[in-house]
file structure.txt (compact mmCIF, C-alpha atoms and all ligand atoms)
# COMPACT_ATOMS: atom_id res chain seq x y z
CA MET A 584 -162.06 -123.43 -6.60
CA SER A 585 -160.00 -124.75 -9.52
CA LYS A 586 -159.13 -128.46 -9.61
CA ASP A 587 -156.11 -127.80 -11.84
CA LYS A 588 -154.30 -125.60 -9.37
CA LEU A 589 -152.27 -126.64 -6.35
CA ARG A 590 -154.47 -126.01 -3.30
CA ILE A 591 -152.66 -124.24 -0.48
CA GLY A 592 -153.43 -123.54 3.18
CA ILE A 593 -151.60 -121.02 5.35
CA ILE A 594 -151.19 -121.89 9.04
CA GLY A 595 -150.32 -118.96 11.31
CA CYS A 596 -151.42 -115.65 9.76
CA GLY A 597 -148.99 -113.23 11.43
CA GLY A 598 -146.05 -111.23 10.07
CA ILE A 599 -144.18 -113.63 7.80
CA ALA A 600 -147.35 -115.26 6.46
CA HIS A 601 -147.73 -112.08 4.38
CA ALA A 602 -144.50 -112.86 2.50
CA HIS A 603 -145.78 -116.40 1.78
CA ALA A 604 -149.12 -114.98 0.66
CA ASN A 605 -147.46 -112.46 -1.67
CA ALA A 606 -145.45 -115.25 -3.28
CA TYR A 607 -148.48 -117.56 -3.73
CA LYS A 608 -150.50 -114.64 -5.08
CA SER A 609 -147.94 -114.14 -7.85
CA PHE A 610 -148.18 -117.75 -9.12
CA ASP A 611 -150.84 -118.78 -11.69
CA ASP A 612 -150.77 -122.46 -10.80
CA VAL A 613 -151.64 -122.25 -7.10
CA GLU A 614 -154.72 -121.20 -5.20
CA VAL A 615 -154.85 -120.34 -1.49
CA VAL A 616 -158.01 -122.07 -0.26
CA ALA A 617 -157.69 -121.83 3.53
CA GLY A 618 -155.99 -120.13 6.43
CA ALA A 619 -155.81 -120.84 10.16
CA ASP A 620 -154.78 -118.80 13.18
CA ILE A 621 -155.49 -119.38 16.86
CA VAL A 622 -156.37 -115.71 17.35
CA PRO A 623 -160.10 -115.69 16.51
CA GLY A 624 -160.87 -113.78 13.32
CA LYS A 625 -157.20 -113.25 12.39
CA ALA A 626 -157.20 -115.83 9.55
CA ARG A 627 -160.34 -114.30 8.01
CA LYS A 628 -158.87 -110.79 8.05
CA PHE A 629 -155.63 -112.08 6.58
CA LEU A 630 -157.32 -113.95 3.72
CA ASP A 631 -159.54 -110.97 2.92
CA ARG A 632 -156.49 -108.69 2.81
CA PHE A 633 -155.30 -110.75 -0.18
CA ASP A 634 -158.78 -110.84 -1.77
CA TRP A 635 -159.09 -114.56 -1.04
CA THR A 636 -162.67 -114.06 0.08
CA ASP A 637 -163.70 -117.57 -1.08
CA ALA A 638 -160.98 -119.21 1.00
CA ASP A 639 -162.07 -120.70 4.35
CA ALA A 640 -160.76 -119.32 7.62
CA TYR A 641 -160.27 -121.47 10.73
CA ASP A 642 -159.46 -120.60 14.31
CA SER A 643 -157.34 -123.72 14.75
CA THR A 644 -154.87 -125.80 12.77
CA GLU A 645 -156.78 -128.96 13.68
CA GLU A 646 -159.89 -127.71 11.85
CA LEU A 647 -157.91 -126.84 8.74
CA CYS A 648 -156.31 -130.29 8.84
CA GLU A 649 -159.74 -131.96 8.74
CA ARG A 650 -159.97 -130.87 5.09
CA ASP A 651 -159.08 -133.53 2.53
CA ASP A 652 -158.70 -131.21 -0.46
CA ILE A 653 -155.59 -129.24 0.54
CA ASP A 654 -152.36 -130.27 -1.20
CA ALA A 655 -149.85 -128.26 0.80
CA VAL A 656 -149.49 -125.76 3.63
CA SER A 657 -147.13 -122.99 4.62
CA ILE A 658 -146.58 -123.10 8.39
CA CYS A 659 -145.86 -119.61 9.70
CA THR A 660 -146.61 -119.97 13.40
CA TYR A 661 -144.12 -118.99 16.08
CA ASN A 662 -141.43 -121.61 16.67
CA SER A 663 -142.98 -123.57 19.54
CA GLN A 664 -145.94 -124.52 17.30
CA HIS A 665 -143.91 -125.62 14.26
CA ALA A 666 -143.76 -129.30 15.18
CA VAL A 667 -147.36 -129.74 16.31
CA CYS A 668 -148.70 -128.02 13.18
CA ALA A 669 -146.30 -129.78 10.80
CA VAL A 670 -147.15 -133.20 12.22
CA ALA A 671 -150.91 -132.46 12.01
CA ALA A 672 -150.62 -131.33 8.38
CA LEU A 673 -148.47 -134.31 7.37
CA ASN A 674 -150.84 -136.75 9.08
CA ALA A 675 -153.63 -135.11 7.07
CA GLY A 676 -151.72 -135.82 3.83
CA MET A 677 -150.45 -132.29 3.14
CA HIS A 678 -146.96 -131.27 1.98
CA VAL A 679 -145.33 -128.70 4.28
CA LEU A 680 -143.29 -125.55 3.75
CA LEU A 681 -142.16 -124.88 7.31
CA GLU A 682 -140.70 -121.56 8.45
CA LYS A 683 -137.31 -121.56 10.12
CA PRO A 684 -136.13 -122.66 12.63
CA MET A 685 -137.38 -126.19 12.00
CA SER A 686 -138.39 -126.59 15.67
CA VAL A 687 -137.44 -125.57 19.19
CA THR A 688 -136.09 -128.92 20.40
CA ILE A 689 -134.28 -131.70 18.57
CA GLU A 690 -137.01 -134.12 19.70
CA GLN A 691 -139.64 -131.99 17.90
CA GLY A 692 -137.46 -131.99 14.79
CA LEU A 693 -137.29 -135.78 14.84
CA GLU A 694 -141.09 -135.98 15.31
CA ILE A 695 -141.51 -133.91 12.14
CA MET A 696 -139.16 -136.24 10.26
CA ALA A 697 -141.02 -139.34 11.46
CA ALA A 698 -144.36 -137.88 10.33
CA GLU A 699 -142.82 -136.85 7.01
CA LYS A 700 -141.57 -140.39 6.41
CA ALA A 701 -144.86 -142.01 7.40
CA SER A 702 -146.89 -139.65 5.19
CA GLY A 703 -144.77 -139.85 2.06
CA LYS A 704 -145.14 -136.04 1.74
CA ILE A 705 -142.30 -133.50 1.71
CA VAL A 706 -141.23 -130.94 4.27
CA SER A 707 -139.05 -128.04 3.13
CA ILE A 708 -137.61 -125.57 5.64
CA GLY A 709 -137.84 -121.85 4.86
CA PHE A 710 -134.25 -120.68 4.51
CA GLN A 711 -134.62 -118.16 1.67
CA PRO A 712 -130.93 -117.03 1.75
CA ARG A 713 -130.20 -120.37 0.05
CA TYR A 714 -131.53 -118.76 -3.14
CA GLY A 715 -129.08 -115.86 -2.95
CA ALA A 716 -126.68 -115.91 -5.92
CA ASN A 717 -123.66 -115.26 -3.69
CA TYR A 718 -124.55 -117.96 -1.18
CA GLN A 719 -124.89 -120.40 -4.08
CA MET A 720 -121.58 -119.27 -5.54
CA VAL A 721 -119.78 -119.83 -2.21
CA ARG A 722 -121.19 -123.36 -2.03
CA ASN A 723 -120.23 -124.06 -5.64
CA LEU A 724 -116.68 -122.82 -5.02
CA ILE A 725 -116.22 -124.97 -1.94
CA VAL A 726 -118.30 -128.12 -2.59
CA ASP A 727 -118.35 -128.45 -6.39
CA GLU A 728 -115.11 -126.80 -7.50
CA LYS A 729 -113.21 -127.71 -4.31
CA ALA A 730 -111.39 -124.38 -4.63
CA LEU A 731 -110.28 -124.49 -0.98
CA GLY A 732 -109.29 -128.17 -0.88
CA ASP A 733 -110.38 -129.91 2.33
CA VAL A 734 -112.05 -127.40 4.64
CA TYR A 735 -111.02 -127.80 8.31
CA TYR A 736 -112.27 -124.61 10.03
CA VAL A 737 -115.32 -122.39 9.53
CA GLN A 738 -116.31 -119.20 11.36
CA THR A 739 -119.94 -118.16 11.12
CA GLY A 740 -122.42 -115.89 12.84
CA GLY A 741 -122.66 -112.15 13.08
CA GLY A 742 -125.90 -110.51 13.98
CA ARG A 743 -126.98 -107.17 15.26
CA ARG A 744 -125.55 -104.37 17.37
CA ARG A 745 -129.01 -103.36 18.61
CA GLY A 746 -131.88 -105.35 17.08
CA ILE A 747 -134.01 -107.31 19.58
CA PRO A 748 -137.28 -107.94 17.70
CA GLY A 749 -139.78 -108.12 20.59
CA GLY A 750 -143.33 -109.54 20.20
CA THR A 751 -143.57 -113.34 20.20
CA PHE A 752 -139.81 -113.60 19.51
CA ILE A 753 -138.81 -112.89 23.15
CA SER A 754 -141.23 -115.36 24.75
CA LYS A 755 -139.89 -118.69 26.01
CA GLU A 756 -143.30 -120.29 25.51
CA LYS A 757 -143.79 -119.00 21.95
CA ALA A 758 -140.34 -118.62 20.38
CA GLY A 759 -138.60 -121.05 22.73
CA VAL A 760 -135.15 -119.73 21.78
CA GLY A 761 -133.93 -116.17 21.04
CA ALA A 762 -131.31 -114.80 18.64
CA LEU A 763 -129.74 -118.22 18.42
CA ALA A 764 -132.75 -119.76 16.66
CA ASP A 765 -134.13 -116.60 15.09
CA ILE A 766 -131.08 -115.51 13.08
CA GLY A 767 -128.46 -117.98 14.34
CA CYS A 768 -130.09 -120.77 12.33
CA TYR A 769 -129.42 -118.78 9.12
CA ALA A 770 -125.73 -118.38 9.94
CA LEU A 771 -125.51 -122.09 10.72
CA ASP A 772 -127.32 -122.95 7.49
CA PHE A 773 -124.97 -120.80 5.40
CA ALA A 774 -121.86 -122.31 6.99
CA LEU A 775 -123.04 -125.93 6.94
CA ASN A 776 -124.61 -125.81 3.47
CA SER A 777 -121.45 -124.24 2.06
CA ILE A 778 -119.41 -127.26 3.14
CA GLY A 779 -121.95 -130.03 2.39
CA TYR A 780 -123.82 -130.17 5.74
CA PRO A 781 -121.48 -132.46 7.76
CA LYS A 782 -122.78 -134.08 10.92
CA PRO A 783 -122.18 -132.16 14.17
CA LEU A 784 -120.55 -134.21 16.93
CA THR A 785 -119.99 -132.03 20.03
CA VAL A 786 -120.82 -128.50 21.17
CA SER A 787 -119.33 -126.22 23.82
CA ALA A 788 -121.31 -123.02 24.19
CA VAL A 789 -122.44 -120.03 26.21
CA LYS A 790 -125.50 -117.83 25.91
CA TYR A 791 -126.41 -114.50 27.50
CA ASP A 792 -129.32 -112.10 27.97
CA HIS A 793 -127.45 -108.97 29.10
CA PHE A 794 -129.29 -106.58 26.75
CA GLY A 795 -132.78 -108.03 26.63
CA LYS A 796 -133.13 -107.94 30.41
CA ASN A 797 -131.67 -104.45 30.80
CA PRO A 798 -134.17 -101.52 30.75
CA LYS A 799 -131.36 -99.28 29.48
CA TYR A 800 -131.32 -101.19 26.18
CA PHE A 801 -134.73 -102.85 25.79
CA GLY A 802 -138.12 -101.39 26.73
CA ASP A 803 -139.93 -104.71 27.15
CA TYR A 804 -137.18 -106.07 29.42
CA LYS A 805 -139.67 -107.54 31.93
CA ASN A 806 -140.95 -109.97 29.27
CA PHE A 807 -137.57 -110.90 27.86
CA GLU A 808 -137.11 -114.66 28.44
CA VAL A 809 -134.64 -115.86 25.80
CA ASP A 810 -130.99 -115.39 24.69
CA ASP A 811 -129.65 -112.26 22.97
CA PHE A 812 -126.07 -113.48 22.40
CA SER A 813 -124.48 -116.89 22.08
CA ALA A 814 -121.09 -118.30 21.13
CA ALA A 815 -120.14 -121.90 20.43
CA PHE A 816 -117.29 -124.17 19.41
CA ILE A 817 -118.67 -127.10 17.44
CA ARG A 818 -116.82 -130.21 16.28
CA LEU A 819 -118.13 -131.57 12.98
CA GLU A 820 -117.40 -134.92 11.36
CA GLY A 821 -114.33 -135.01 9.14
CA GLY A 822 -112.17 -133.07 11.64
CA ILE A 823 -113.88 -129.75 10.83
CA THR A 824 -114.43 -127.13 13.54
CA LEU A 825 -117.18 -124.54 13.45
CA ASP A 826 -116.82 -121.31 15.41
CA PHE A 827 -120.18 -119.56 15.91
CA ARG A 828 -121.39 -116.29 17.48
CA MET A 829 -124.79 -114.70 17.14
CA SER A 830 -126.19 -111.49 18.53
CA TRP A 831 -129.41 -109.54 18.72
CA ALA A 832 -127.58 -106.87 20.71
CA MET A 833 -123.95 -106.15 21.68
CA HIS A 834 -121.44 -103.33 21.99
CA MET A 835 -119.79 -104.16 18.67
CA ASP A 836 -120.48 -103.62 14.98
CA THR A 837 -120.11 -107.29 14.03
CA ALA A 838 -119.39 -110.59 15.73
CA GLY A 839 -117.16 -111.50 12.79
CA ASP A 840 -117.10 -112.36 9.11
CA PHE A 841 -117.65 -115.78 7.59
CA LEU A 842 -114.29 -117.56 7.24
CA PHE A 843 -113.70 -120.86 5.47
CA LEU A 844 -110.17 -122.27 5.90
CA GLY A 845 -109.14 -125.05 3.54
CA LYS A 846 -105.86 -126.87 3.05
CA ASP A 847 -105.38 -125.21 -0.38
CA ALA A 848 -107.05 -121.80 0.08
CA GLY A 849 -109.27 -119.72 2.35
CA LEU A 850 -112.41 -117.72 1.68
CA LYS A 851 -113.53 -114.63 3.59
CA VAL A 852 -117.16 -113.54 3.17
CA LYS A 853 -117.54 -110.15 4.81
CA GLN A 854 -120.73 -109.29 6.66
CA PRO A 855 -122.94 -106.82 4.80
CA ASN A 856 -124.54 -103.70 6.35
CA ILE A 857 -122.55 -103.88 9.58
CA GLY A 858 -124.53 -102.14 12.29
CA ALA A 859 -127.86 -102.18 14.04
CA TRP A 860 -129.67 -104.93 12.10
CA SER A 861 -126.96 -106.83 10.23
CA GLY A 862 -127.00 -110.60 9.94
CA ALA A 863 -127.13 -113.60 7.63
CA TRP A 864 -130.89 -113.65 7.17
CA ASP A 865 -131.35 -111.85 3.86
CA GLY A 866 -128.74 -113.53 1.69
CA THR A 867 -126.70 -110.38 1.19
CA VAL A 868 -122.93 -110.41 1.60
CA GLY A 869 -120.15 -107.85 1.71
CA ASP A 870 -116.89 -108.48 -0.20
CA ILE A 871 -115.79 -112.03 -0.88
CA THR A 872 -112.05 -112.70 -1.06
CA LEU A 873 -110.10 -115.83 -1.91
CA PHE A 874 -106.79 -116.18 -0.05
CA HIS A 875 -104.36 -118.46 -1.87
CA ASP A 876 -100.73 -118.90 -2.91
CA LEU A 877 -99.83 -118.12 -6.51
CA TYR A 878 -96.31 -119.03 -7.73
CA GLY A 879 -95.28 -119.13 -4.07
CA LYS A 880 -96.68 -115.63 -3.34
CA LEU A 881 -99.40 -114.90 -0.80
CA THR A 882 -102.30 -113.76 -3.00
CA GLN A 883 -105.74 -112.27 -2.34
CA THR A 884 -108.24 -112.42 -5.18
CA PRO A 885 -111.56 -110.55 -4.96
CA VAL A 886 -114.42 -112.81 -6.01
CA PRO A 887 -116.99 -111.05 -8.22
CA ILE A 888 -120.33 -110.84 -6.43
CA GLU A 889 -123.88 -110.50 -7.72
CA THR A 890 -126.48 -108.02 -6.56
CA GLN A 891 -129.95 -109.48 -6.12
CA GLU A 892 -133.29 -108.10 -4.96
CA LYS A 893 -134.12 -109.35 -1.46
CA GLY A 894 -137.77 -109.92 -2.39
CA ASN A 895 -136.84 -112.47 -5.04
CA LEU A 896 -135.32 -114.80 -2.48
CA PHE A 897 -138.61 -115.32 -0.70
CA GLN A 898 -140.41 -115.85 -3.98
CA SER A 899 -137.74 -118.35 -5.04
CA LYS A 900 -138.11 -120.32 -1.83
CA VAL A 901 -141.89 -120.64 -2.14
CA ARG A 902 -141.63 -121.39 -5.89
CA ALA A 903 -139.06 -124.15 -5.30
CA PHE A 904 -141.44 -125.76 -2.80
CA VAL A 905 -144.41 -125.50 -5.19
CA ASP A 906 -142.35 -126.98 -8.04
CA ALA A 907 -141.22 -129.87 -5.84
CA VAL A 908 -144.84 -130.66 -4.93
CA LEU A 909 -146.07 -130.35 -8.53
CA THR A 910 -143.30 -132.56 -9.90
CA LYS A 911 -143.37 -135.01 -6.97
CA GLY A 912 -139.73 -134.04 -6.42
CA GLU A 913 -137.64 -133.92 -3.28
CA ALA A 914 -137.84 -131.16 -0.67
CA PRO A 915 -135.59 -128.29 -1.83
CA ILE A 916 -134.34 -127.68 1.73
CA PRO A 917 -134.72 -131.09 3.34
CA THR A 918 -135.25 -131.97 6.98
CA SER A 919 -132.36 -134.47 6.70
CA GLN A 920 -130.02 -131.44 6.50
CA ILE A 921 -131.80 -129.05 8.82
CA ILE A 922 -132.03 -131.57 11.65
CA ARG A 923 -128.23 -131.08 11.94
CA ASN A 924 -128.72 -127.31 12.27
CA GLN A 925 -131.33 -128.03 14.94
CA ALA A 926 -129.01 -130.48 16.71
CA ILE A 927 -126.41 -127.70 17.05
CA ILE A 928 -128.99 -125.27 18.45
CA ASP A 929 -130.06 -127.96 20.92
CA GLY A 930 -126.39 -128.59 21.81
CA ILE A 931 -125.74 -124.86 22.37
CA ILE A 932 -128.68 -124.64 24.76
CA ARG A 933 -127.68 -127.77 26.71
CA SER A 934 -123.98 -126.89 26.85
CA SER A 935 -124.63 -123.34 28.03
CA GLU A 936 -126.97 -124.66 30.73
CA CYS A 937 -124.60 -127.38 32.05
CA GLY A 938 -121.40 -125.34 31.60
CA HIS A 939 -119.35 -127.84 29.61
CA GLU A 940 -119.05 -129.51 26.22
CA VAL A 941 -121.90 -131.87 25.27
CA GLU A 942 -122.29 -134.57 22.67
CA VAL A 943 -124.89 -133.90 20.03
CA LYS A 944 -128.08 -135.81 20.85
CA TYR A 945 -129.35 -138.68 18.67
CA LEU A 946 -126.17 -138.90 16.59
CA ASP A 947 -127.44 -142.14 15.01
CA LYS A 948 -130.60 -140.33 13.78
CA ILE A 949 -129.21 -137.05 12.48
N1 LIG B 1 -138.00 -116.56 6.69
C1 LIG B 1 -138.03 -115.34 7.19
O1 LIG B 1 -137.49 -114.38 6.64
C2 LIG B 1 -138.75 -115.12 8.48
C3 LIG B 1 -138.96 -113.82 8.93
C4 LIG B 1 -139.69 -113.64 10.11
C5 LIG B 1 -140.14 -114.74 10.82
N2 LIG B 1 -139.87 -116.00 10.36
C6 LIG B 1 -140.34 -117.17 11.12
O2 LIG B 1 -141.74 -117.27 10.92
C7 LIG B 1 -142.39 -117.68 12.13
C8 LIG B 1 -143.47 -116.68 12.48
O3 LIG B 1 -142.91 -115.41 12.65
P1 LIG B 1 -143.86 -114.11 12.62
O4 LIG B 1 -142.97 -112.93 12.68
O5 LIG B 1 -144.83 -114.23 11.52
O6 LIG B 1 -144.60 -114.30 14.03
P2 LIG B 1 -146.02 -113.77 14.46
O7 LIG B 1 -146.07 -113.92 15.93
O8 LIG B 1 -146.27 -112.43 13.82
O9 LIG B 1 -147.08 -114.76 13.79
C9 LIG B 1 -147.29 -116.07 14.22
C10 LIG B 1 -148.77 -116.36 14.08
O10 LIG B 1 -149.00 -117.76 14.31
C11 LIG B 1 -150.24 -117.88 15.04
N3 LIG B 1 -150.26 -119.21 15.68
C12 LIG B 1 -149.56 -119.62 16.77
N4 LIG B 1 -149.83 -120.91 17.04
C13 LIG B 1 -150.69 -121.33 16.09
C14 LIG B 1 -151.32 -122.59 15.81
N5 LIG B 1 -151.10 -123.66 16.58
N6 LIG B 1 -152.15 -122.67 14.76
C15 LIG B 1 -152.40 -121.59 13.97
N7 LIG B 1 -151.84 -120.38 14.19
C16 LIG B 1 -150.99 -120.25 15.23
C17 LIG B 1 -150.20 -116.70 15.99
O11 LIG B 1 -151.48 -116.40 16.51
C18 LIG B 1 -149.65 -115.61 15.08
O12 LIG B 1 -150.68 -114.93 14.40
C19 LIG B 1 -141.30 -117.83 13.18
O13 LIG B 1 -140.96 -119.18 13.29
C20 LIG B 1 -140.12 -117.05 12.61
O14 LIG B 1 -138.86 -117.58 12.99
C21 LIG B 1 -139.22 -116.20 9.20
call {"tool": "encode", "arguments": {"input": "structure.txt", "output": "structure tokens"}}
result
Amino acid sequence: MSKDKLRIGIIGCGGIAHAHANAYKSFDDVEVVAGADIVPGKARKFLDRFDWTDADAYDSTEELCERDDIDAVSICTYNSQHAVCAVAALNAGMHVLLEKPMSVTIEQGLEIMAAEKASGKIVSIGFQPRYGANYQMVRNLIVDEKALGDVYYVQTGGGRRRGIPGGTFISKEKAGVGALADIGCYALDFALNSIGYPKPLTVSAVKYDHFGKNPKYFGDYKNFEVDDFSAAFIRLEGGITLDFRMSWAMHMDTAGDFLFLGKDAGLKVKQPNIGAWSGAWDGTVGDITLFHDLYGKLTQTPVPIETQEKGNLFQSKVRAFVDAVLTKGEAPIPTSQIIRNQAIIDGIIRSSECGHEVEVKYLDKI
């Protein structure tokens, strides 16, 4: 084991851990020294698959966290285990790259933030679309160049016509939340990050499971325990409203484009790849159009967009985390922002369960 390299552990060695591993494998200045998974033998097989035969495999996160020579971990467990694993790693003095969504409940999110503060380590949340050139351009246009003037209304969401993932994603105990947290958190992150992550205040929402529980549309319907469609009206600070819909399955090609309405101009970001598996998760966009008045005429200007390899986004997200740890910098995608995303998800769940608008919980803390 090299003392000069950043020493990494991977917690949860399932599907997405492979993308983290591929990114770490491509960096010269990091070394993966350990992995943990609660399925016995799974961490060993995973590490061997990447030729990390000298790395130690553990059958629990607690054992991995007993080590005092690991600088940072990627946490790739299913959602319900994000908080417990992040808190354990932080308490053991490790920096954390935590997969999205940050947590299942807002309380778990706040626990992560408290442990982060107490440890002096960083937690970055894994929203790789942030590294998409077009997502960055939209944020620059709105936040830095103020091309729209004050933004007062945002529509976000989208999702899939027929794309329920199955596996751990449909379990209440493991995923905790369905489409809303799986791909809804990306759509919320794009919308909120593009306007400077204002604080959410209230949420009125509904959620459904019409497709997941129907044998006509989903084979594993007996085990489907989460949402497959949700819609919400969210009031944000500064008089901004956020209109949100997210689907794993519906009888429609898209639940809408991204719309940003400002006092001086509007921006439409069309959904890419409308159809079975579309959504905001991979950083791709369709056309982007600026709606504005020019010499008193209603004008639509196409905004030039970039094409970017999807794989690079994941690499960029892991690299940004590694750089922040190496330079003792700030978390690239900080919990102080993502707790607001989580507060909306929490609000959508509570509002849909009680049937009326709810105030966002812990407003003083988010
Ligand atoms: N950023 C992305 O593009 C992206 C894509 C897919 C999934 N994800 C996120 O990654 C997470 C994992 O998704 P996945 O598809 O890899 O799921 P998965 O079910 O394939 O893998 C999760 C793994 O975590 C293990 N695990 C559970 N609890 C554990 C614990 N306490 N300690 C150690 N290991 C534990 C499970 O045994 C399993 O092997 C989810 O939160 C999901 O939202 C992100």
call {"tool": "residues_around", "arguments": {"input": "structure.txt", "residues": "Phe629 (chain A)", "least_positions_apart": "5", "cutoff": "10 Å", "atoms": "all atoms listed in the file", "output": "tab-separated table (two decimals) with C-alpha atoms, keeping the file's coordinate frame"}}
result
chain	number	residue	atom	x	y	z
A	593	ILE	CA	-151.60	-121.02	5.35
A	595	GLY	CA	-150.32	-118.96	11.31
A	596	CYS	CA	-151.42	-115.65	9.76
A	597	GLY	CA	-148.99	-113.23	11.43
A	600	ALA	CA	-147.35	-115.26	6.46
A	601	HIS	CA	-147.73	-112.08	4.38
A	604	ALA	CA	-149.12	-114.98	0.66
A	618	GLY	CA	-155.99	-120.13	6.43
A	619	ALA	CA	-155.81	-120.84	10.16
A	620	ASP	CA	-154.78	-118.80	13.18
A	624	GLY	CA	-160.87	-113.78	13.32
A	634	ASP	CA	-158.78	-110.84	-1.77
A	635	TRP	CA	-159.09	-114.56	-1.04
A	636	THR	CA	-162.67	-114.06	0.08
A	640	ALA	CA	-160.76	-119.32	7.62
call {"tool": "residues_around", "arguments": {"input": "structure.txt", "residues": "region 841-852 of chain A", "least_positions_apart": "5", "cutoff": "9 Å", "atoms": "all atoms listed in the file", "output": "JSON, numbers by chain"}}
result
{"A": [721, 725, 730, 731, 732, 733, 734, 735, 736, 737, 738, 739, 740, 741, 770, 774, 778, 868, 869, 870, 871, 872, 873, 874, 875, 876]}
call {"tool": "closest_residue", "arguments": {"input": "structure.txt", "among": "A:Leu819, A:Ile753, A:Ile766, A:Met833", "to": "Phe794 (chain A)", "atoms": "only C-alpha atoms"}}
result
A:Met833
call {"tool": "residues_around", "arguments": {"input": "structure.txt", "residues": "region 815-818 of chain A", "least_positions_apart": "5", "cutoff": "6 Å", "atoms": "all atoms listed in the file", "output": "list in words"}}
result
Leu784, Thr785, Val786, Ser787, Ala788, Thr824, Leu825, Asp826 and Phe827 of chain A
call {"tool": "closest_atom_pairs", "arguments": {"input": "structure.txt", "of": "chain A", "to": "ligand LIG 1 (chain B)", "cutoff": "7 Å", "atoms": "all atoms listed in the file", "output": "JSON lines"}}
result
{"residue": "A:Ile594", "atom": "CA", "partner": "B:LIG1", "partner_atom": "C15", "distance": 5.1}
{"residue": "A:Gly595", "atom": "CA", "partner": "B:LIG1", "partner_atom": "O10", "distance": 3.5}
{"residue": "A:Cys596", "atom": "CA", "partner": "B:LIG1", "partner_atom": "O12", "distance": 4.8}
{"residue": "A:Gly597", "atom": "CA", "partner": "B:LIG1", "partner_atom": "O9", "distance": 3.4}
{"residue": "A:Gly598", "atom": "CA", "partner": "B:LIG1", "partner_atom": "O5", "distance": 3.5}
{"residue": "A:Ile599", "atom": "CA", "partner": "B:LIG1", "partner_atom": "O5", "distance": 3.8}
{"residue": "A:Ala600", "atom": "CA", "partner": "B:LIG1", "partner_atom": "O5", "distance": 5.7}
{"residue": "A:Ala619", "atom": "CA", "partner": "B:LIG1", "partner_atom": "C15", "distance": 5.2}
{"residue": "A:Asp620", "atom": "CA", "partner": "B:LIG1", "partner_atom": "N7", "distance": 3.5}
{"residue": "A:Ile621", "atom": "CA", "partner": "B:LIG1", "partner_atom": "N7", "distance": 4.6}
{"residue": "A:Val622", "atom": "CA", "partner": "B:LIG1", "partner_atom": "O11", "distance": 5.0}
{"residue": "A:Ser643", "atom": "CA", "partner": "B:LIG1", "partner_atom": "N6", "distance": 5.3}
{"residue": "A:Thr644", "atom": "CA", "partner": "B:LIG1", "partner_atom": "N6", "distance": 4.6}
{"residue": "A:Cys659", "atom": "CA", "partner": "B:LIG1", "partner_atom": "C7", "distance": 4.7}
{"residue": "A:Thr660", "atom": "CA", "partner": "B:LIG1", "partner_atom": "O10", "distance": 3.4}
{"residue": "A:Tyr661", "atom": "CA", "partner": "B:LIG1", "partner_atom": "C19", "distance": 4.2}
{"residue": "A:Asn662", "atom": "CA", "partner": "B:LIG1", "partner_atom": "O13", "distance": 4.2}
{"residue": "A:Gln664", "atom": "CA", "partner": "B:LIG1", "partner_atom": "N5", "distance": 5.3}
{"residue": "A:Cys668", "atom": "CA", "partner": "B:LIG1", "partner_atom": "N5", "distance": 6.0}
{"residue": "A:Glu682", "atom": "CA", "partner": "B:LIG1", "partner_atom": "O2", "distance": 5.1}
{"residue": "A:Lys683", "atom": "CA", "partner": "B:LIG1", "partner_atom": "O14", "distance": 5.1}
{"residue": "A:Pro684", "atom": "CA", "partner": "B:LIG1", "partner_atom": "O14", "distance": 5.8}
{"residue": "A:Gly709", "atom": "CA", "partner": "B:LIG1", "partner_atom": "N1", "distance": 5.6}
{"residue": "A:Phe710", "atom": "CA", "partner": "B:LIG1", "partner_atom": "N1", "distance": 6.0}
{"residue": "A:Gln711", "atom": "CA", "partner": "B:LIG1", "partner_atom": "N1", "distance": 6.3}
{"residue": "A:Gly750", "atom": "CA", "partner": "B:LIG1", "partner_atom": "O7", "distance": 6.7}
{"residue": "A:Thr751", "atom": "CA", "partner": "B:LIG1", "partner_atom": "O7", "distance": 5.0}
{"residue": "A:Asp765", "atom": "CA", "partner": "B:LIG1", "partner_atom": "O14", "distance": 5.3}
{"residue": "A:Trp864", "atom": "CA", "partner": "B:LIG1", "partner_atom": "O1", "distance": 6.7}
call {"tool": "closest_residue", "arguments": {"input": "structure.txt", "among": "A:Lys704, A:Pro781, A:Lys948, A:Arg744", "to": "Glu913 (chain A)", "atoms": "all atoms listed in the file"}}
result
A:Lys704
call {"tool": "closest_residue", "arguments": {"input": "structure.txt", "among": "A:Tyr607, A:Trp831, A:Phe897, A:Tyr641", "to": "Pro623 (chain A)", "atoms": "only C-alpha atoms"}}
result
A:Tyr641
call {"tool": "closest_residue", "arguments": {"input": "structure.txt", "among": "A:Cys648, A:Val789, A:Val809, A:Leu680", "to": "Glu936 (chain A)", "atoms": "only C-alpha atoms"}}
result
A:Val789
call {"tool": "atom_distance", "arguments": {"input": "structure.txt", "atom1": "CA of Thr910 (chain A)", "atom2": "CA of Met696 (chain A)"}}
result
20.9 Å
call {"tool": "residues_around", "arguments": {"input": "structure.txt", "residues": "Ser609 (chain A)", "least_positions_apart": "4", "cutoff": "12 Å", "atoms": "only C-alpha atoms", "output": "compact mmCIF listing (two decimals) with C-alpha atoms, keeping the file's coordinate frame"}}
result
# COMPACT_ATOMS: atom_id res chain seq x y z
CA ALA A 602 -144.50 -112.86 2.50
CA HIS A 603 -145.78 -116.40 1.78
CA ALA A 604 -149.12 -114.98 0.66
CA ASN A 605 -147.46 -112.46 -1.67
CA VAL A 613 -151.64 -122.25 -7.10
CA GLU A 614 -154.72 -121.20 -5.20
CA VAL A 615 -154.85 -120.34 -1.49
CA PHE A 633 -155.30 -110.75 -0.18
CA ASN A 895 -136.84 -112.47 -5.04
CA PHE A 897 -138.61 -115.32 -0.70
CA GLN A 898 -140.41 -115.85 -3.98
CA SER A 899 -137.74 -118.35 -5.04
CA VAL A 901 -141.89 -120.64 -2.14
CA ARG A 902 -141.63 -121.39 -5.89
